[in-house]
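Engineer: Quick one: structure below, then a few questions.
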Amino acid sequence: MLTLKLAARNILSAGLRTWLNVAALSFAFVSIIFLQGLYEGLNDQVERSTVDALFGGGQYWQNAYGPFDPLSLEDAHAPIPPPLRKLVSDTSATSILIRPATFYPHGRFRSILLKGIDPGQTILSVPSHLLRTGHDELPGLIGARMAKGAGLKKGDVVTVRWRDTHGTYDARDVSIVEVFRTSVQDIDNEQVWIPLDRLQELTHLPDQATIVVVNRSAVPLNEVPGWEFKDLGFLLRDLHSLVRMKSVQGSIMYLFLLFLAMLAIFDTQILSIWRRRKEIGTLMALGMTRGGVIELFTMEGAFHSVLAAILGSCYGIPLFAYAASLGFELPAGTDNFGVAIGQRLFPVYSPALIIGTTLLVCVVTTIVSFLPTRTIAKLKPVDALRGKLV
Amino acid sequence: MQNSALIKTENLEKTYSLGLTSLKAPDDVTLTVTRGEFLGLVGPSGSGKTTLLNIIGSLDAPTSGTAEVLGRRIDSLSQKEAAGLRNGHIGFIFQTFNLLPVYTVYENVEFPLLLQGVESSRRRQLVEEALEWVGLADRADSRPVQLSGGQGQRVAIARAIVKKPEIVLADEPTANLDAANSHHIMRTMVQLNEELGTTFVFATHDEKVIGYLKRKITLIDGRISKDERSDQPPLAVR
């Protein structure tokens, strides 16, 4: 308790020297939390957008379906089994039929996926309600990236060709009813969404689907023959590894900032011990033990981080709140990064992140403060009084 | 009680290595200091005065021989025990005052009591008393940089005596002071010696200090060459 009081008195009395260190350390605190919050926000946002637009609460895949195997797509369809059909009719799930097709925008050839989706579904954030045209024409919905790549806009008519279940080629003109913006490339690139019943009719696959997407409150069924349930853990696996990779890049910055903060403290401690060696001798002469002096100097170093945390919270918390509520507009082209970030990035500053980072920095600061004080353990009081260091 | 030995050294030696040669200072020093003495170790630079003072103060250890302070062998004390001896029983006054720069006068004087764990109201009383003694009660809130040399040394004296130690060790206490301040400081110490019975041991070659000593031990090349007691009262009360 005495050491604590003395350490507090020492560093508060040291004036500008203390406050410069505290300011530098608080900047490191705030920067570390700020950057980590950006990564947390990125992680959170990417996951949320992807789940909303693509994965729902999980998917049942027809056994032949593999999203990265275009050759298997021809066979990846089957009648929707009764348990899944019940989920669909309860609006707890929506079925999607996926068929390979060819697309001819402005006479050019493009391989695409034709995706049939129920216009009434509300499970995915695909704006499928726009497919409720009520006309004889075949309505199609495409994403902004697809539209840009193919040079299409709302109202254009494009020919689409596919093979039906008997292997016969068929073609129709699709009228683009809307070009939607999405941050999730997997519902945009090289695909055209049309009404499910029309695709089933055109491909002679009545009541069939490739995948069934359930909502987030649906309880997975025990066993559905011919279909396999893929939970979010599985579906988000690739995304998580991508985010993890980006987080590793972020950790480098984190470690760099932490290193700078530690360097500032280490440097201060070295300088402090050097400048105050006579004071160390005096403290010993007055009856303080070496252990007491080491404790005092370590505590002083640790106090810097406590003050830095207090100072950092004064300007950091309003800054974090502001950043989290307004987010940051991302520059054009960010949506081609490969992850669904969106147009604005909203950082997430969870109490766990703030408290965890603060504690980590405080512990590391204390350790770093202790390291230079080991010199004191070897110091003779007489040498210290003469201003000598080991 | 008045004549009991507080400090005893026998054949005390400290050897310093100086490259190929070595230097002994103090060299075979045997002496006894009793309670209430006002004693000076006098001699030229390098004669071993400060080293002897440091050994008595348990800041240094002898190479051979023994030093006993308040019945405890200095060379057999652990680092913690030595710190305890200094904190409980010995006050130090240094040539350069060695005040803690970030503390006020009051806090500097209070420091040894904090280490002893003295309760707050008792601490306040002792600090005020010590500052009264050295005539600096009105400068309690000043910082060391705001004090003159004489005032700084008076604060150091207050810090040394605040815990009412049996022994005060003063290493060249007047070396950085002018004549007027030196006499003021010495008079204060004589008064403390007489009124509190505190034993003072000085290391000095300053004539102004020597004039106040009741016992003068002269060291030449590390050895005691003279041990004189003055029958006359010190300058302060003459």
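Each chain in the structure tokens gets a letter, A, B, ..., in the order shown, and its residues are numbered from 1; ligands are numbered from 1 in order too.
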Residues of chain B were defined as contacting chain A if any atom lay at most 6 Å from it, counting only C-alpha atoms; please report them as a PyMOL selection string.
Structural biologist: chain B and resi 59+80+83-84+86-87+102
Engineer: Would you kindly return, as a PDB file with N, CA and C atoms, in the first residue's frame, each protein, DNA or RNA residue with an atom no farther than 8 Å from any atom of segment 202-216 of chain B, considering only C-alpha atoms and excluding same-chain residues fewer than 3 positions away?
Structural biologist:
```pdb
ATOM      1  N   GLU B  37      27.625  10.783  21.803  1.00  0.00           N
ATOM      2  CA  GLU B  37      28.876  11.437  21.359  1.00  0.00           C
ATOM      3  C   GLU B  37      28.603  12.365  20.176  1.00  0.00           C
ATOM      4  N   PHE B  38      29.490  13.338  20.010  1.00  0.00           N
ATOM      5  CA  PHE B  38      29.431  14.269  18.870  1.00  0.00           C
ATOM      6  C   PHE B  38      30.821  14.196  18.245  1.00  0.00           C
ATOM      7  N   LEU B  39      30.950  13.261  17.336  1.00  0.00           N
ATOM      8  CA  LEU B  39      32.270  12.798  16.925  1.00  0.00           C
ATOM      9  C   LEU B  39      32.536  13.045  15.452  1.00  0.00           C
ATOM     10  N   GLY B  40      33.758  13.356  15.127  1.00  0.00           N
ATOM     11  CA  GLY B  40      34.102  13.566  13.733  1.00  0.00           C
ATOM     12  C   GLY B  40      35.228  12.673  13.275  1.00  0.00           C
ATOM     13  N   LEU B  41      35.073  12.122  12.087  1.00  0.00           N
ATOM     14  CA  LEU B  41      36.177  11.407  11.438  1.00  0.00           C
ATOM     15  C   LEU B  41      36.801  12.437  10.514  1.00  0.00           C
ATOM     16  N   VAL B  42      38.031  12.770  10.798  1.00  0.00           N
ATOM     17  CA  VAL B  42      38.675  13.878  10.101  1.00  0.00           C
ATOM     18  C   VAL B  42      39.872  13.351   9.337  1.00  0.00           C
ATOM     19  N   GLY B  43      40.111  13.944   8.192  1.00  0.00           N
ATOM     20  CA  GLY B  43      41.281  13.522   7.429  1.00  0.00           C
ATOM     21  C   GLY B  43      41.172  13.942   5.989  1.00  0.00           C
ATOM     22  N   PRO B  44      42.260  13.815   5.271  1.00  0.00           N
ATOM     23  CA  PRO B  44      42.231  14.229   3.871  1.00  0.00           C
ATOM     24  C   PRO B  44      41.383  13.277   3.006  1.00  0.00           C
ATOM     25  N   LYS B  49      37.332   8.072   5.488  1.00  0.00           N
ATOM     26  CA  LYS B  49      36.295   8.599   6.386  1.00  0.00           C
ATOM     27  C   LYS B  49      34.902   8.160   5.916  1.00  0.00           C
ATOM     28  N   THR B  50      34.617   8.438   4.631  1.00  0.00           N
ATOM     29  CA  THR B  50      33.276   8.138   4.113  1.00  0.00           C
ATOM     30  C   THR B  50      33.022   6.633   4.110  1.00  0.00           C
ATOM     31  N   LEU B  53      32.164   5.582   7.508  1.00  0.00           N
ATOM     32  CA  LEU B  53      30.804   6.038   7.800  1.00  0.00           C
ATOM     33  C   LEU B  53      29.770   5.122   7.122  1.00  0.00           C
ATOM     34  N   LEU B 169      24.505   9.861  10.946  1.00  0.00           N
ATOM     35  CA  LEU B 169      25.780   9.846  10.226  1.00  0.00           C
ATOM     36  C   LEU B 169      25.747  10.972   9.197  1.00  0.00           C
ATOM     37  N   ALA B 170      26.712  11.857   9.291  1.00  0.00           N
ATOM     38  CA  ALA B 170      26.700  13.019   8.390  1.00  0.00           C
ATOM     39  C   ALA B 170      28.001  13.053   7.589  1.00  0.00           C
ATOM     40  N   ASP B 171      27.848  12.954   6.279  1.00  0.00           N
ATOM     41  CA  ASP B 171      29.026  12.933   5.402  1.00  0.00           C
ATOM     42  C   ASP B 171      29.216  14.320   4.792  1.00  0.00           C
ATOM     43  N   GLU B 172      30.254  15.007   5.222  1.00  0.00           N
ATOM     44  CA  GLU B 172      30.565  16.362   4.740  1.00  0.00           C
ATOM     45  C   GLU B 172      29.309  17.231   4.672  1.00  0.00           C
ATOM     46  N   PRO B 173      28.634  17.415   5.775  1.00  0.00           N
ATOM     47  CA  PRO B 173      27.331  18.104   5.714  1.00  0.00           C
ATOM     48  C   PRO B 173      27.411  19.569   5.335  1.00  0.00           C
ATOM     49  N   THR B 174      28.611  20.156   5.483  1.00  0.00           N
ATOM     50  CA  THR B 174      28.699  21.598   5.213  1.00  0.00           C
ATOM     51  C   THR B 174      29.484  21.902   3.940  1.00  0.00           C
ATOM     52  N   ALA B 175      29.868  20.854   3.216  1.00  0.00           N
ATOM     53  CA  ALA B 175      30.764  21.066   2.068  1.00  0.00           C
ATOM     54  C   ALA B 175      30.153  21.972   1.000  1.00  0.00           C
ATOM     55  N   ALA B 179      29.808  29.907   4.943  1.00  0.00           N
ATOM     56  CA  ALA B 179      30.198  29.892   6.357  1.00  0.00           C
ATOM     57  C   ALA B 179      29.005  30.102   7.291  1.00  0.00           C
ATOM     58  N   SER B 182      26.872  27.086   7.317  1.00  0.00           N
ATOM     59  CA  SER B 182      27.581  25.980   7.965  1.00  0.00           C
ATOM     60  C   SER B 182      27.453  26.085   9.472  1.00  0.00           C
ATOM     61  N   HIS B 183      27.672  27.293  10.022  1.00  0.00           N
ATOM     62  CA  HIS B 183      27.585  27.467  11.478  1.00  0.00           C
ATOM     63  C   HIS B 183      26.158  27.243  11.969  1.00  0.00           C
ATOM     64  N   MET B 186      25.551  23.508  11.998  1.00  0.00           N
ATOM     65  CA  MET B 186      26.288  22.833  13.070  1.00  0.00           C
ATOM     66  C   MET B 186      25.673  23.135  14.432  1.00  0.00           C
ATOM     67  N   VAL B 190      24.383  20.448  17.146  1.00  0.00           N
ATOM     68  CA  VAL B 190      24.873  20.421  18.532  1.00  0.00           C
ATOM     69  C   VAL B 190      23.678  20.439  19.484  1.00  0.00           C
ATOM     70  N   LYS B 226      45.092   9.851  15.288  1.00  0.00           N
ATOM     71  CA  LYS B 226      44.841  10.570  16.546  1.00  0.00           C
ATOM     72  C   LYS B 226      43.381  10.380  16.939  1.00  0.00           C
ATOM     73  N   ASP B 227      43.130  10.287  18.195  1.00  0.00           N
ATOM     74  CA  ASP B 227      41.753  10.229  18.720  1.00  0.00           C
ATOM     75  C   ASP B 227      41.701  11.212  19.883  1.00  0.00           C
ATOM     76  N   GLU B 228      41.188  12.433  19.612  1.00  0.00           N
ATOM     77  CA  GLU B 228      41.244  13.494  20.627  1.00  0.00           C
ATOM     78  C   GLU B 228      39.861  13.819  21.144  1.00  0.00           C
ATOM     79  N   ARG B 229      39.770  14.040  22.440  1.00  0.00           N
ATOM     80  CA  ARG B 229      38.514  14.497  23.035  1.00  0.00           C
ATOM     81  C   ARG B 229      38.711  15.931  23.489  1.00  0.00           C
ATOM     82  N   SER B 230      37.725  16.760  23.215  1.00  0.00           N
ATOM     83  CA  SER B 230      37.860  18.159  23.589  1.00  0.00           C
ATOM     84  C   SER B 230      37.227  18.374  24.952  1.00  0.00           C
ATOM     85  N   ASP B 231      37.986  19.036  25.846  1.00  0.00           N
ATOM     86  CA  ASP B 231      37.445  19.323  27.175  1.00  0.00           C
ATOM     87  C   ASP B 231      36.552  20.554  27.131  1.00  0.00           C
ATOM     88  N   GLN B 232      36.804  21.372  26.081  1.00  0.00           N
ATOM     89  CA  GLN B 232      36.031  22.611  25.982  1.00  0.00           C
ATOM     90  C   GLN B 232      34.672  22.323  25.343  1.00  0.00           C
ATOM     91  N   PRO B 233      33.674  23.082  25.760  1.00  0.00           N
ATOM     92  CA  PRO B 233      32.384  22.905  25.099  1.00  0.00           C
ATOM     93  C   PRO B 233      32.477  23.315  23.636  1.00  0.00           C
ATOM     94  N   PRO B 234      31.640  22.729  22.762  1.00  0.00           N
ATOM     95  CA  PRO B 234      31.705  23.102  21.354  1.00  0.00           C
ATOM     96  C   PRO B 234      31.334  24.569  21.128  1.00  0.00           C
ATOM     97  N   LEU B 235      31.685  25.049  19.935  1.00  0.00           N
ATOM     98  CA  LEU B 235      31.506  26.466  19.598  1.00  0.00           C
ATOM     99  C   LEU B 235      30.094  26.977  19.879  1.00  0.00           C
ATOM    100  N   ALA B 236      29.150  26.129  19.670  1.00  0.00           N
ATOM    101  CA  ALA B 236      27.754  26.563  19.762  1.00  0.00           C
ATOM    102  C   ALA B 236      27.380  27.080  21.134  1.00  0.00           C
TER     103      ALA B 236
END
```
Engineer: Excluding Ile187 of chain A and any residue of its chain fewer than 4 positions from it, enumerate the residues within 8 Å of it, using only C-alpha atoms, and give them as a ChimeraX atom specification.
Structural biologist: /A:53-54,126,143,182,191
Engineer: What is the distance between atom CA of Ser92 of chain A and atom CA of Asp69 of chain A, in Å to one decimal?
Structural biologist: 27.8 Å
Engineer: For a quick check of understanding, using only C-alpha atoms, which of B:Ser120, B:Thr188, B:Asn193, B:Gln125 has the smallest distance to Val162 of chain B?
Structural biologist: B:Gln125
Engineer: If you measure from atom CA of Glu128 of chain B to atom CA of Gly149 of chain B, what distance in Å do you get, rounded to one decimal?
Structural biologist: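 Atom CA of Gly149 of chain B lies 20.7 Å from atom CA of Glu128 of chain B.
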